[in-house]
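K.L.:
Okay, so here is target_5.cif, and as you'll see once you scroll down, it has mmCIF, C-alpha atoms.
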data_final
#
loop_
_atom_site.label_atom_id
_atom_site.label_comp_id
_atom_site.auth_asym_id
_atom_site.auth_seq_id
_atom_site.Cartn_x
_atom_site.Cartn_y
_atom_site.Cartn_z
CA LEU E 31 7.16 -9.20 -14.94
CA THR E 32 10.39 -7.19 -15.21
CA LYS E 33 13.03 -7.76 -17.88
CA GLY E 34 16.06 -9.64 -16.63
CA LEU E 35 14.52 -10.67 -13.30
CA ASP E 36 13.00 -13.94 -12.16
CA SER E 37 9.24 -13.97 -11.59
CA THR E 38 8.94 -17.07 -9.49
CA TYR E 39 5.30 -17.15 -8.31
CA GLY E 40 7.01 -18.17 -5.07
CA LEU E 41 8.05 -21.48 -6.66
CA VAL E 42 11.52 -23.02 -6.64
CA ALA E 43 10.85 -24.52 -10.10
CA LEU E 44 10.66 -21.05 -11.64
CA LEU E 45 14.03 -19.84 -10.34
CA ASN E 46 16.81 -18.92 -12.76
CA ASN E 47 14.41 -18.13 -15.57
CA PRO E 48 14.69 -14.36 -16.14
CA THR E 49 11.81 -12.59 -17.85
CA PRO E 50 12.78 -11.68 -21.45
CA GLU E 51 10.94 -8.35 -21.54
CA ASP E 52 9.06 -5.92 -19.35
CA SER E 53 5.34 -6.38 -18.92
CA VAL E 54 2.94 -3.65 -20.04
CA ILE E 55 2.62 -2.16 -16.57
CA VAL E 56 6.40 -1.90 -16.15
CA LYS E 57 6.82 -0.37 -19.63
CA LEU E 58 4.22 2.29 -18.86
CA LEU E 59 5.77 3.16 -15.50
CA LYS E 60 9.30 3.34 -16.92
CA LYS E 61 8.08 5.56 -19.75
CA GLN E 62 7.05 8.11 -17.13
CA GLY E 63 10.31 8.02 -15.19
CA ALA E 64 9.72 5.23 -12.70
CA ILE E 65 12.83 3.33 -11.62
CA PRO E 66 12.03 -0.27 -10.63
CA PHE E 67 14.94 -1.24 -8.39
CA VAL E 68 13.82 -4.36 -6.56
CA THR E 69 11.19 -7.09 -6.64
CA THR E 70 9.78 -8.15 -3.29
CA ASN E 71 8.57 -11.23 -1.51
CA ILE E 72 5.24 -13.03 -2.08
CA PRO E 73 3.57 -16.22 -0.87
CA GLN E 74 4.07 -19.53 -2.63
CA LEU E 75 1.45 -19.59 -5.42
CA LEU E 76 0.22 -16.11 -4.35
CA ASN E 77 -2.74 -17.64 -2.61
CA THR E 78 -2.60 -16.66 1.04
CA VAL E 79 -2.28 -13.56 3.19
CA GLU E 80 1.27 -14.13 4.47
CA SER E 81 4.29 -13.67 2.23
CA VAL E 82 6.37 -16.79 2.74
CA ASN E 83 7.97 -19.30 0.39
CA HIS E 84 10.84 -21.77 0.24
CA ILE E 85 13.04 -19.42 -1.82
CA TYR E 86 13.25 -16.19 0.17
CA GLY E 87 11.66 -17.19 3.44
CA ARG E 88 9.18 -15.09 5.39
CA SER E 89 8.51 -11.35 5.16
CA LYS E 90 8.32 -9.65 8.56
CA ASN E 91 6.26 -6.67 9.63
CA PRO E 92 8.45 -3.68 10.53
CA TRP E 93 6.00 -2.68 13.25
CA ASN E 94 6.63 -6.00 15.00
CA ILE E 95 8.88 -8.62 13.41
CA GLU E 96 6.88 -11.37 15.10
CA ARG E 97 3.94 -10.37 12.90
CA SER E 98 3.09 -10.86 9.23
CA ALA E 99 3.50 -8.12 6.64
CA GLY E 100 0.46 -9.54 4.84
CA GLY E 101 0.06 -11.02 1.40
CA SER E 102 0.28 -11.50 -1.33
CA SER E 103 2.22 -8.22 -1.65
CA GLY E 104 3.64 -8.37 1.88
CA GLY E 105 7.25 -7.93 0.86
CA GLU E 106 6.31 -4.71 -0.93
CA ALA E 107 4.45 -3.20 2.02
CA GLY E 108 7.13 -4.27 4.47
CA LEU E 109 9.84 -2.57 2.41
CA ILE E 110 7.88 0.68 2.08
CA ALA E 111 7.29 0.84 5.83
CA ALA E 112 10.75 -0.40 6.86
CA GLU E 113 13.98 1.38 7.58
CA ALA E 114 16.63 1.38 4.86
CA ARG E 115 20.17 1.85 6.22
CA PRO E 116 22.65 3.52 3.88
CA SER E 117 25.08 0.65 4.32
CA ASP E 118 22.39 -1.71 3.06
CA LEU E 119 21.85 0.39 -0.04
CA HIS E 120 25.56 0.54 -0.97
CA LEU E 121 25.26 4.27 -1.58
CA MET E 122 28.14 6.46 -2.61
CA GLU E 123 29.59 8.45 0.29
CA ALA E 124 28.21 11.73 -1.04
CA ALA E 125 24.66 10.36 -0.98
CA VAL E 126 24.78 8.71 2.43
CA GLN E 127 23.82 11.79 4.42
CA GLU E 128 20.76 12.42 2.24
CA PHE E 129 19.47 8.92 2.95
CA GLN E 130 20.09 8.86 6.70
CA THR E 131 16.34 8.76 7.36
CA ALA E 132 15.35 6.96 4.18
CA ARG E 133 12.93 4.10 4.12
CA GLY E 134 13.19 1.03 1.97
CA SER E 135 11.06 2.33 -0.91
CA PRO E 136 8.83 5.38 -1.47
CA ILE E 137 6.02 3.51 -3.23
CA GLY E 138 5.27 0.09 -4.67
CA LEU E 139 3.35 -1.79 -7.33
CA ALA E 140 1.10 -4.56 -6.05
CA SER E 141 -1.65 -6.77 -7.45
CA ASP E 142 -5.01 -7.47 -5.84
CA GLY E 143 -7.28 -10.46 -6.47
CA GLY E 144 -8.82 -10.68 -3.00
CA GLY E 145 -7.07 -8.00 -0.99
CA SER E 146 -3.41 -8.55 -1.86
CA THR E 147 -2.74 -4.81 -2.16
CA ARG E 148 -5.00 -3.64 0.65
CA ILE E 149 -4.20 -6.28 3.29
CA PRO E 150 -0.42 -5.64 3.37
CA ALA E 151 -1.09 -1.88 3.36
CA LEU E 152 -3.34 -2.23 6.40
CA PHE E 153 -0.93 -4.54 8.23
CA CYS E 154 1.91 -2.05 7.71
CA GLY E 155 0.06 1.24 8.29
CA LEU E 156 0.09 2.34 4.64
CA TYR E 157 -2.41 3.38 1.95
CA GLY E 158 -3.48 0.77 -0.61
CA PHE E 159 -5.72 1.16 -3.65
CA LYS E 160 -7.37 -1.40 -5.94
CA PRO E 161 -8.77 0.29 -9.07
CA THR E 162 -11.70 -0.96 -11.09
CA ASN E 163 -10.47 -3.91 -13.10
CA GLY E 164 -10.36 -2.69 -16.69
CA ARG E 165 -9.45 0.88 -15.78
CA VAL E 166 -5.71 0.16 -15.60
CA CYS E 167 -3.48 -2.14 -17.62
CA ASN E 168 -3.62 -5.77 -16.59
CA LYS E 169 -1.04 -7.63 -18.65
CA GLY E 170 1.96 -8.73 -16.66
CA HIS E 171 0.52 -11.21 -14.18
CA LEU E 172 2.35 -14.52 -14.21
CA VAL E 173 -0.13 -17.33 -14.85
CA ALA E 174 1.14 -20.72 -13.67
CA THR E 175 -1.52 -23.02 -15.16
CA LYS E 176 -4.57 -23.03 -17.41
CA THR E 177 -6.67 -23.54 -14.30
CA VAL E 178 -5.27 -20.35 -12.80
CA ARG E 179 -6.01 -18.53 -16.07
CA ALA E 180 -9.62 -19.72 -15.90
CA LYS E 181 -9.93 -18.46 -12.33
CA LEU E 182 -8.60 -15.05 -13.35
CA MET E 183 -11.38 -14.71 -15.88
CA ILE E 184 -13.88 -14.79 -13.01
CA ILE E 185 -12.14 -12.94 -10.17
CA LYS E 186 -9.66 -10.74 -12.01
CA PRO E 187 -6.59 -9.40 -10.21
CA CYS E 188 -5.81 -5.73 -10.62
CA PHE E 189 -2.58 -3.75 -10.33
CA GLY E 190 -2.55 -0.95 -7.79
CA PRO E 191 -0.26 1.07 -5.53
CA ILE E 192 0.86 0.71 -1.94
CA ALA E 193 1.85 4.18 -0.79
CA ARG E 194 2.51 6.45 2.18
CA THR E 195 -0.10 9.06 1.20
CA VAL E 196 -3.27 9.23 -0.87
CA ASP E 197 -1.63 11.75 -3.19
CA ASP E 198 1.12 9.21 -3.91
CA ALA E 199 -1.52 6.57 -4.63
CA ILE E 200 -3.26 8.96 -7.04
CA LEU E 201 0.01 9.81 -8.81
CA PHE E 202 0.82 6.13 -9.26
CA THR E 203 -2.68 5.28 -10.50
CA LYS E 204 -2.49 8.08 -13.05
CA ALA E 205 0.82 6.65 -14.27
CA MET E 206 -0.82 3.27 -14.84
CA ILE E 207 -3.44 4.88 -17.11
CA HIS E 208 -1.06 6.24 -19.72
CA PRO E 209 -2.20 7.24 -23.25
CA ASP E 210 -0.01 4.45 -24.65
CA LEU E 211 -2.18 1.91 -22.82
CA ARG E 212 -4.29 1.47 -25.94
CA LEU E 213 -1.20 0.66 -28.02
CA LEU E 214 -0.10 -2.04 -25.60
CA GLU E 215 -3.55 -3.33 -24.62
CA PRO E 216 -5.99 -2.46 -27.42
CA GLU E 217 -8.84 -4.16 -25.57
CA ARG E 218 -8.51 -1.70 -22.70
CA PRO E 219 -10.39 1.64 -22.76
CA TYR E 220 -8.35 4.75 -22.07
CA LEU E 221 -10.11 6.44 -19.15
CA PRO E 222 -7.60 8.66 -17.34
CA LEU E 223 -8.33 9.84 -13.82
CA ARG E 224 -10.14 13.19 -13.91
CA ASP E 225 -8.65 15.82 -11.63
CA ASP E 226 -12.00 17.59 -11.34
CA LEU E 227 -13.47 14.46 -9.72
CA LEU E 228 -10.53 13.83 -7.38
CA ASP E 229 -11.41 16.88 -5.28
CA VAL E 230 -14.85 16.99 -3.67
CA LYS E 231 -14.62 20.83 -3.71
CA GLY E 232 -17.02 21.21 -0.84
CA LYS E 233 -19.52 18.71 -2.24
CA LYS E 234 -21.24 16.64 0.41
CA LEU E 235 -20.70 12.92 -0.06
CA ARG E 236 -23.31 10.42 1.10
CA ILE E 237 -21.24 7.77 2.87
CA ALA E 238 -22.72 4.49 4.09
CA TYR E 239 -20.83 2.39 6.60
CA ILE E 240 -20.92 -1.00 8.26
CA THR E 241 -19.27 -1.84 11.55
CA ASN E 242 -19.26 -5.63 11.54
CA GLU E 243 -20.18 -8.79 9.63
CA GLU E 244 -20.97 -12.12 11.27
CA LEU E 245 -18.66 -14.02 8.93
CA PHE E 246 -15.73 -12.71 10.98
CA PRO E 247 -16.43 -10.20 13.79
CA VAL E 248 -13.97 -7.32 14.05
CA SER E 249 -11.69 -6.45 16.95
CA LYS E 250 -12.40 -3.55 19.31
CA ALA E 251 -9.62 -1.54 17.66
CA HIS E 252 -11.15 -1.94 14.21
CA LEU E 253 -14.57 -0.94 15.49
CA ARG E 254 -13.03 2.18 17.01
CA ALA E 255 -11.26 2.94 13.71
CA VAL E 256 -14.62 2.90 11.92
CA ASN E 257 -16.27 5.11 14.52
CA GLU E 258 -13.40 7.62 14.48
CA SER E 259 -13.62 7.72 10.70
CA VAL E 260 -17.36 8.38 10.85
CA GLU E 261 -16.68 11.42 13.02
CA ALA E 262 -13.88 12.54 10.71
CA PHE E 263 -16.17 12.49 7.69
CA ARG E 264 -18.88 14.37 9.58
CA LYS E 265 -16.28 16.95 10.57
CA ARG E 266 -15.67 17.48 6.83
CA GLY E 267 -19.41 18.05 6.31
CA HIS E 268 -20.33 14.72 4.72
CA GLU E 269 -23.52 12.76 5.35
CA VAL E 270 -22.66 9.45 7.01
CA PHE E 271 -25.19 6.73 7.83
CA LEU E 272 -25.10 3.17 9.14
CA VAL E 273 -26.39 0.23 7.12
CA ASP E 274 -27.25 -2.89 9.07
CA LYS E 275 -26.37 -5.40 6.39
CA PHE E 276 -24.38 -5.36 3.16
CA PRO E 277 -26.39 -7.38 0.62
CA HIS E 278 -25.03 -10.86 -0.16
CA PHE E 279 -21.82 -10.15 1.77
CA ASP E 280 -21.27 -13.72 2.93
CA GLN E 281 -22.15 -15.34 -0.39
CA LEU E 282 -19.86 -13.03 -2.36
CA VAL E 283 -16.94 -13.59 0.00
CA LEU E 284 -17.37 -17.36 -0.09
CA THR E 285 -17.50 -17.28 -3.88
CA VAL E 286 -14.16 -15.44 -4.00
CA ALA E 287 -12.63 -17.81 -1.46
CA ALA E 288 -13.82 -20.88 -3.33
CA ILE E 289 -12.58 -19.67 -6.68
CA SER E 290 -9.25 -18.56 -5.22
CA SER E 291 -8.64 -21.91 -3.58
CA SER E 292 -9.85 -24.09 -6.43
CA ASP E 293 -6.34 -24.53 -7.88
CA ALA E 294 -4.69 -24.77 -4.50
CA GLY E 295 -6.25 -28.11 -4.80
CA LEU E 296 -5.69 -30.11 -5.15
CA LYS E 297 -5.83 -31.27 -8.77
CA ARG E 298 -2.95 -29.37 -10.34
CA VAL E 299 -0.85 -28.34 -7.37
CA ASP E 300 1.61 -31.24 -7.57
CA GLU E 301 2.21 -30.47 -11.22
CA ILE E 302 3.00 -26.85 -10.36
CA LEU E 303 5.19 -27.58 -7.34
CA LYS E 304 7.30 -30.27 -9.07
CA GLY E 305 8.15 -31.92 -5.77
CA GLU E 306 8.44 -28.75 -3.68
CA PRO E 307 6.60 -28.98 -0.34
CA LEU E 308 3.44 -26.90 -0.01
CA ILE E 309 3.71 -24.22 2.68
CA LYS E 310 1.16 -24.69 5.45
CA GLU E 311 -0.18 -21.15 5.01
CA MET E 312 -1.11 -21.97 1.43
CA VAL E 313 -3.71 -24.64 2.16
CA MET E 314 -6.65 -22.29 1.80
CA GLN E 315 -9.27 -24.97 1.47
CA LYS E 316 -8.91 -25.61 5.20
CA VAL E 317 -10.40 -22.17 5.72
CA PHE E 318 -13.83 -23.57 5.02
CA SER E 319 -13.72 -25.57 8.23
CA SER E 320 -13.27 -22.22 10.02
CA ILE E 321 -16.44 -20.67 8.64
CA PRO E 322 -19.26 -20.55 11.20
CA SER E 323 -21.40 -23.68 10.89
CA TRP E 324 -24.59 -21.79 10.09
CA ILE E 325 -23.09 -20.45 6.89
CA LYS E 326 -21.04 -23.40 5.57
CA LYS E 327 -21.68 -24.43 1.98
CA PRO E 328 -19.98 -27.11 -0.14
CA ILE E 329 -17.29 -25.65 -2.36
CA ALA E 330 -18.77 -27.36 -5.38
CA ALA E 331 -22.09 -25.64 -4.82
CA ILE E 332 -20.42 -22.25 -4.60
CA MET E 333 -18.36 -22.89 -7.73
CA SER E 334 -21.51 -23.80 -9.63
CA ARG E 335 -23.06 -20.46 -8.75
CA THR E 336 -20.80 -18.16 -10.72
CA GLY E 337 -23.83 -17.03 -12.72
CA GLU E 338 -25.65 -16.31 -9.48
CA ALA E 339 -22.66 -14.20 -8.40
CA ILE E 340 -23.33 -11.93 -11.37
CA ASP E 341 -26.95 -11.65 -10.28
CA MET E 342 -25.76 -10.76 -6.78
CA GLN E 343 -23.54 -8.05 -8.22
CA HIS E 344 -26.51 -6.46 -9.96
CA GLU E 345 -28.60 -6.66 -6.80
CA VAL E 346 -25.85 -4.93 -4.81
CA TYR E 347 -25.58 -2.18 -7.43
CA SER E 348 -29.36 -1.69 -7.39
CA TRP E 349 -29.38 -1.51 -3.58
CA TRP E 350 -26.53 0.99 -3.76
CA ASN E 351 -28.39 3.30 -6.12
CA GLU E 352 -31.63 3.01 -4.17
CA GLN E 353 -29.74 4.15 -1.06
CA LYS E 354 -28.10 6.96 -3.06
CA ILE E 355 -24.67 5.96 -1.80
CA ASP E 356 -21.53 7.68 -3.04
CA VAL E 357 -19.02 5.66 -1.04
CA ILE E 358 -19.24 2.86 1.50
CA MET E 359 -16.88 2.44 4.44
CA THR E 360 -16.10 -0.88 6.11
CA PRO E 361 -13.54 -2.11 8.60
CA GLY E 362 -10.31 -2.67 6.67
CA LEU E 363 -9.93 -6.13 8.17
CA ALA E 364 -11.22 -7.92 11.24
CA LEU E 365 -7.79 -8.17 12.91
CA PRO E 366 -4.41 -6.42 12.89
CA ALA E 367 -1.29 -8.16 11.56
CA PHE E 368 -1.34 -11.89 12.34
CA ARG E 369 1.38 -13.80 14.11
CA HIS E 370 3.58 -15.72 11.69
CA GLY E 371 2.05 -19.00 10.58
CA ASP E 372 -1.56 -18.18 11.50
CA ALA E 373 -2.75 -17.04 8.06
CA ASN E 374 -4.33 -20.35 7.11
CA ASP E 375 -6.80 -20.14 10.00
CA LEU E 376 -7.45 -16.40 9.77
CA VAL E 377 -7.69 -15.66 6.05
CA VAL E 378 -11.48 -15.22 6.31
CA SER E 379 -10.79 -12.14 8.45
CA ALA E 380 -9.95 -10.57 5.08
CA SER E 381 -13.58 -10.99 3.99
CA TYR E 382 -13.96 -7.21 4.13
CA THR E 383 -11.52 -6.84 1.22
CA MET E 384 -12.64 -9.92 -0.76
CA VAL E 385 -16.19 -8.68 -1.25
CA PHE E 386 -15.09 -5.77 -3.45
CA ASN E 387 -13.14 -8.07 -5.76
CA ALA E 388 -16.34 -10.02 -6.32
CA LEU E 389 -18.09 -6.75 -7.16
CA ASN E 390 -15.20 -5.26 -9.22
CA MET E 391 -15.52 -2.05 -7.22
CA PRO E 392 -12.59 0.32 -6.68
CA ALA E 393 -11.52 0.08 -3.05
CA GLY E 394 -8.84 1.73 -0.97
CA THR E 395 -7.57 1.42 2.56
CA VAL E 396 -6.65 4.22 4.95
CA PRO E 397 -4.69 3.71 8.20
CA VAL E 398 -6.52 5.34 11.09
CA THR E 399 -5.09 4.40 14.47
CA GLN E 400 -3.15 1.82 16.47
CA VAL E 401 -4.30 -0.94 18.80
CA ARG E 402 -4.52 0.18 22.41
CA LYS E 403 -3.63 -2.01 25.37
CA ASP E 404 -7.26 -2.21 26.48
CA GLU E 405 -8.26 -3.47 23.01
CA GLU E 406 -6.14 -6.64 23.10
CA ASP E 407 -9.10 -8.65 24.42
CA TYR E 408 -11.09 -10.42 21.65
CA SER E 409 -13.24 -12.50 24.01
CA THR E 410 -16.31 -10.28 23.63
CA CYS E 411 -15.95 -9.92 19.85
CA GLY E 412 -16.22 -13.42 18.36
CA SER E 413 -17.78 -16.75 19.29
CA PRO E 414 -15.70 -19.48 20.99
CA ILE E 415 -17.49 -22.13 18.90
CA ASP E 416 -15.84 -20.89 15.68
CA ARG E 417 -12.57 -22.55 14.77
CA PHE E 418 -10.83 -19.25 14.04
CA TYR E 419 -11.64 -17.88 17.52
CA PRO E 420 -8.51 -19.15 19.39
CA LYS E 421 -6.22 -17.72 16.70
CA ALA E 422 -8.12 -14.42 16.74
CA VAL E 423 -7.63 -14.24 20.52
CA ARG E 424 -3.94 -15.07 20.03
CA THR E 425 -3.62 -12.36 17.37
CA MET E 426 -4.98 -9.65 19.64
CA LEU E 427 -2.77 -10.56 22.61
CA GLY E 428 0.36 -8.44 22.40
CA SER E 429 -1.02 -6.39 19.49
CA GLU E 430 -0.73 -3.01 21.18
CA GLY E 431 0.72 -0.45 18.78
CA LEU E 432 -0.09 -2.30 15.55
CA PRO E 433 -1.79 -0.14 12.89
CA VAL E 434 -5.44 -0.62 11.96
CA GLY E 435 -7.55 1.13 9.35
CA VAL E 436 -10.71 1.28 7.30
CA GLN E 437 -11.67 0.61 3.71
CA LEU E 438 -13.60 2.80 1.28
CA ALA E 439 -15.25 1.63 -1.94
CA ALA E 440 -17.28 3.11 -4.78
CA LEU E 441 -19.22 1.76 -7.75
CA PRO E 442 -17.22 0.34 -10.70
CA TRP E 443 -15.51 3.06 -12.78
CA GLU E 444 -15.96 5.65 -10.02
CA ASP E 445 -12.33 5.35 -8.91
CA GLU E 446 -12.02 9.12 -8.49
CA LYS E 447 -14.84 9.15 -5.96
CA CYS E 448 -13.14 6.44 -3.90
CA LEU E 449 -9.78 8.23 -3.98
CA ALA E 450 -11.43 11.57 -3.14
CA ALA E 451 -13.09 10.02 -0.08
CA MET E 452 -9.75 8.51 0.97
CA LYS E 453 -8.20 11.97 0.70
CA GLU E 454 -10.99 13.53 2.77
CA LEU E 455 -10.43 10.99 5.54
CA GLU E 456 -6.64 11.35 5.39
CA THR E 457 -7.01 15.13 5.77
CA VAL E 458 -8.62 14.72 9.20
CA ILE E 459 -7.02 11.51 10.51
CA ASP E 460 -3.52 12.33 9.18
CA PHE E 461 -2.02 8.91 9.96
CA HIS E 462 1.48 9.00 8.49
CA LYS E 463 3.32 7.09 11.16
CA LEU E 464 6.03 4.60 10.35
CA PRO E 465 7.73 2.10 12.65
CA PRO E 466 10.48 3.64 14.81
CA LEU E 467 13.91 3.63 13.18
#
Here is the file; what I need is its structure written in the form of structure tokens.
P.N.:
Amino acid sequence: LTKGLDSTYGLVALLNNPTPEDSVIVKLLKKQGAIPFVTTNIPQLLNTVESVNHIYGRSKNPWNIERSAGGSSGGEAGLIAAEARPSDLHLMEAAVQEFQTARGSPIGLASDGGGSTRIPALFCGLYGFKPTNGRVCNKGHLVATKTVRAKLMIIKPCFGPIARTVDDAILFTKAMIHPDLRLLEPERPYLPLRDDLLDVKGKKLRIAYITNEELFPVSKAHLRAVNESVEAFRKRGHEVFLVDKFPHFDQLVLTVAAISSSDAGLKRVDEILKGEPLIKEMVMQKVFSSIPSWIKKPIAAIMSRTGEAIDMQHEVYSWWNEQKIDVIMTPGLALPAFRHGDANDLVVSASYTMVFNALNMPAGTVPVTQVRKDEEDYSTCGSPIDRFYPKAVRTMLGSEGLPVGVQLAALPWEDEKCLAAMKELETVIDFHKLPPL
């Protein structure tokens, strides 16, 4: 929420209602010299992985305008990766030359309740970071209904940066943990990032990794990104080992999906929309018909198991400590940037990001490579009996050149360890490509 600007939630009904004052996060960033100069596009109701609404239309991916920039912070990632022409910026003549190669924005603030920072970053070849919820300020999210507020008490969204480098992501995260945080959010502990923990200083990390999950099998390009990252970490002297199965992965993802879609429902949505049509990408409950039949569960049963989700969290943490894991690496997503309009059928491909929201673990994404021509074939990756399969095949066709990456996560409150691992990987991979101007 930024003073003087609309915060629409992607809803026509909330237009022309400027925010009266800055939210806590904006106040903290401004205090340290940040200059918010634009708000960017989001999905209607913030509940899908493509940024499209009836107000501003559809955000496009600068790598390929026929592809999605992701969601819910797709407009932000698209702007950071996109070209900014001086004529578009209305710069004074003296400043035009300096901005001849400028991009739309150097860095951006996003919010993540299931991957909404990390997914757009991955789609656009950028670095995204979701801190531990509670480590950074959290006031400033627009809450449309009491039902939404109740959901946010279970799966809490978290502010985080989308950036072009890990160092930029660290700088932005530090800015969000300002000493004045306690004055503005007394319930929040002040735990600034520790510089001594942001540099591994030759320490060997024990890094677990997974290559695939049956809930949504990854593309060949994403598998290669994981394998190249494994070699990069080993080159830096770290211990890297494969784990066959992440405990409770499917159940945790389905819990997040069920909670996230509970208000898309179906009970309060007409009240929120006030006659505005629902975008097709927003109907997340249809996703459950895309889940492989062997793992389908009624939504009601999942929603009744919130207490069990807490038990699953503790079991994952115990497994983690038994394995003596510092950081875990997963595919960033199962697919590169979707074609426009396909998000409703492919949102479960974001299961790799959702799981860490359920666990409240800090997680960051690192771009690694680009899809090769010989990796456009998905036919040997998934199963034709799954409903998402045709759209996954369609996504991979013509995807050559799109960025793909990996995700790294650490235990809650070990944000420095996650960021340090991201930096270690960036040092070797060095993916800092942007779409051609």
K.L.:
Would you work out the distance separating CA of Leu76 in chain E from CA of Gly362 in chain E, expressed in Å to one decimal?
P.N.:
20.3 Å
K.L.:
Have a look at E:Gly87, E:Gly428, E:Gly394, E:Gly305 and name the one nearest to Phe159 in chain E; count all atoms listed in the file.
P.N.:
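That would be E:Gly394, the residue with the smallest distance to Phe159 in chain E.
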K.L.:
Write out as a ChimeraX atom specification each polymer residue whose atoms come within 9 Å of range 267-281 of chain E, counting only C-alpha atoms; drop sequence neighbours fewer than 2 positions from it.
P.N.:
/E:232-245,260-265,283-286,325,332,339,342-343,345-346,349,381-382,385
K.L.:
Determine the residue set returned by the PyMOL selection byres ((chain E and resi 458) around 10) for the present structure, and present it as an MDAnalysis selection string.
P.N.:
chainID E and resid 259 261:263 265:266 398 453:457 459:461
K.L.:
Calculated over only C-alpha atoms, which of the candidates E:Val42, E:Ser249, E:Pro397, E:Val436 has the smallest distance to Thr410 in chain E?
P.N.:
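Among the listed residues, E:Ser249 lies closest to Thr410 in chain E.
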K.L.:
Any idea what the distance is between CA of Glu405 in chain E and CA of Val423 in chain E?
P.N.:
11.1 Å
K.L.:
Can you list, as a list in words, every protein, DNA or RNA residue that comes within 10 Å of Ser81 in chain E when you count only C-alpha atoms, leaving out same-chain residues fewer than 6 positions away?
P.N.:
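Close residues of Ser81 in chain E: Gly40, Thr70, Asn71, Ile72, Pro73, Gln74, Gly87, Arg88, Ser89, Lys90, Ser98, Ala99, Gly100, Gly101, Ser102, Ser103, Gly104, Gly105, Glu106, Pro150, Glu311, Met312, His370 and Ala373 of chain E.
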K.L.:
Skip Ala380 in chain E itself and residues of its chain fewer than 2 positions away, then list as a tab-separated table (two decimals) with C-alpha atoms, in the coordinates of the input all residues within 10 Å of it, counting all atoms listed in the file.
P.N.:
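Ended up saving to result.tsv:
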chain	number	residue	atom	x	y	z
E	79	VAL	CA	-2.28	-13.56	3.19
E	144	GLY	CA	-8.82	-10.68	-3.00
E	145	GLY	CA	-7.07	-8.00	-0.99
E	146	SER	CA	-3.41	-8.55	-1.86
E	148	ARG	CA	-5.00	-3.64	0.65
E	149	ILE	CA	-4.20	-6.28	3.29
E	246	PHE	CA	-15.73	-12.71	10.98
E	283	VAL	CA	-16.94	-13.59	0.00
E	361	PRO	CA	-13.54	-2.11	8.60
E	362	GLY	CA	-10.31	-2.67	6.67
E	363	LEU	CA	-9.93	-6.13	8.17
E	364	ALA	CA	-11.22	-7.92	11.24
E	365	LEU	CA	-7.79	-8.17	12.91
E	376	LEU	CA	-7.45	-16.40	9.77
E	377	VAL	CA	-7.69	-15.66	6.05
E	378	VAL	CA	-11.48	-15.22	6.31
E	382	TYR	CA	-13.96	-7.21	4.13
E	383	THR	CA	-11.52	-6.84	1.22
E	384	MET	CA	-12.64	-9.92	-0.76
E	385	VAL	CA	-16.19	-8.68	-1.25
K.L.:
Considering only C-alpha atoms, can you say which of E:Asp197, E:Glu406, E:Glu258, E:Glu51 comes closest to Asp229 in chain E?
P.N.:
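Distance minimum relative to Asp229 in chain E lands on E:Asp197.
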K.L.:
Pick out the closest residue to Pro414 in chain E from this set: E:Pro247, E:Ala193, E:Pro219, E:Val230. Count all atoms listed in the file.
P.N.:
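Looking at the shortest contact to Pro414 in chain E, the residue is E:Pro247.
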K.L.:
Evaluate the PyMOL selection byres ((chain E and resi 53) around 12) and record the selected residues as a ChimeraX atom specification, following the chain and residue labels used in the document.
P.N.:
/E:31-35,37,49-52,54-60,167-172,189,211,214-215
K.L.:
CA of Gln400 in chain E to CA of Asn94 in chain E: how many Å, to one decimal?
P.N.:
12.6 Å
K.L.:
Please provide the set of residues having any atom within 7 Å of Lys160 in chain E, restricted to only C-alpha atoms, with same-chain residues fewer than 5 positions apart removed, written as a VMD selection string.
P.N.:
chain E and resid 142 147 188 to 190 392 to 394
K.L.:
Once you count all atoms listed in the file, which residues end up no further than 6 Å from (-2.5, -9.5, 14.1) in the file's frame, shown as a PyMOL selection string?
P.N.:
chain E and resi 365-369+425
K.L.:
Need the neighbours of (2.6, -24.7, -0.1): which residues are at most 9 Å away, counting only C-alpha atoms, as a PyMOL selection string?
P.N.:
chain E and resi 73-75+83-84+294+299+303+306-313
K.L.:
So what does the PyMOL selection byres ((chain E and resi 441) around 8) actually pick up in this one, as a VMD selection string?
P.N.:
chain E and resid 347 356 to 357 391 to 392 439 to 440 442 to 445
K.L.:
Given only C-alpha atoms as the basis, pick out the residue of E:Ala251, E:Ala422, E:Ile415, E:Ala388 nearest to Asn163 in chain E.
P.N.:
E:Ala388
K.L.:
Could you work out an axis-aligned box for range 50-61 of chain E, taking every atom the file lists and adding 5 Å on each side, and report centre and edge lengths in Å to one decimal, as JSON?
P.N.:
{"center_x": 7.7, "center_y": -3.1, "center_z": -18.5, "size_x": 20.2, "size_y": 27.2, "size_z": 16.0}
K.L.:
Would you please work out which residue, of E:Ser379, E:Asn47, E:Thr203, E:Gln353, is nearest to Gly138 in chain E when using only C-alpha atoms?
P.N.:
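The closest residue to Gly138 in chain E is E:Thr203.
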